[in-house]
Amino acid sequence: MRRILIDADGCPVVDETIKIAKRFGAECLILCDTSHRIEREGAQTMVFSKGADSVDFALVNLVRPGNVVVTQDYGLAAMCLARSALAMNQDGMEYTADNINALLLSRHTAKKIRNAGGRLKGPAKRTAAQDKAFSEALIQLLQR
């Protein structure tokens with residue numbers, strides 16, 4: 001049976017992921033910290049302390065080869081890929097060996113800009129098209 005792990009802190013596609021997991025008979029785990037307690041029917045919720053990256057490290061310890069991870073965190077995605085898991089973001093982009101290094105570099109560059117006092121534009125408001133793209137990508141991933 002497939003297993004989907006959701007890095008749920010700030011994740012806008014928890015409900016859609018659970019719905020698709022049910023459709024494919026996949027186990028679904030929601031991982032969150034104590035300030036974002038997220039409970040949904042059809043998924044097991046695991047709550048961790050608010051410490052920096054506590055959810056990320058717990059998820060990496062739980063992930064197994066072939067599991068699907070939903071996260072917007074490039075660093076967490078890289079660790080999951082190293083454990084032979086599949087990883088995708090909330091917009092349906094799959095993280096791969098071909099794109100993860102460029103994504104990590106862009107994250108590092110953005111952090112340097114912010115640390116130097118620069119400002120970067122935040123993400124635009126989420127759209128129905130993004131939700132649809134995510135759903136289609138997750139379905140394709142589970143059909144492989």
# chains A, B, ... in the order shown; residues from 1 in each chain; ligands from 1
call {"tool": "residues_around", "arguments": {"residues": "A:Val55", "least_positions_apart": "3", "cutoff": "12 Å", "atoms": "only C-alpha atoms", "output": "PyMOL selection string"}}
result
chain A and resi 5-9+30-37+45-52+58-62+71+73+76
call {"tool": "atom_distance", "arguments": {"atom1": "atom CA of A:Gly10", "atom2": "atom CA of A:Arg23"}}
result
23.7 Å
call {"tool": "residues_around", "arguments": {"residues": "stretch 90-100 of chain A", "least_positions_apart": "5", "cutoff": "8 Å", "atoms": "only C-alpha atoms", "output": "MDAnalysis selection string"}}
result
chainID A and resid 11:13 70:72 74 77:78 81 130:131 133:138
call {"tool": "residues_around", "arguments": {"residues": "A:Arg40", "least_positions_apart": "2", "cutoff": "10 Å", "atoms": "only C-alpha atoms", "output": "PyMOL selection string"}}
result
chain A and resi 14-15+18+29-30+38+42-45
call {"tool": "atom_distance", "arguments": {"atom1": "atom CA of A:Gly75", "atom2": "atom CA of A:Pro123"}}
result
18.5 Å
call {"tool": "atom_distance", "arguments": {"atom1": "atom CA of A:Thr127", "atom2": "atom CA of A:Ala110"}}
result
23.9 Å
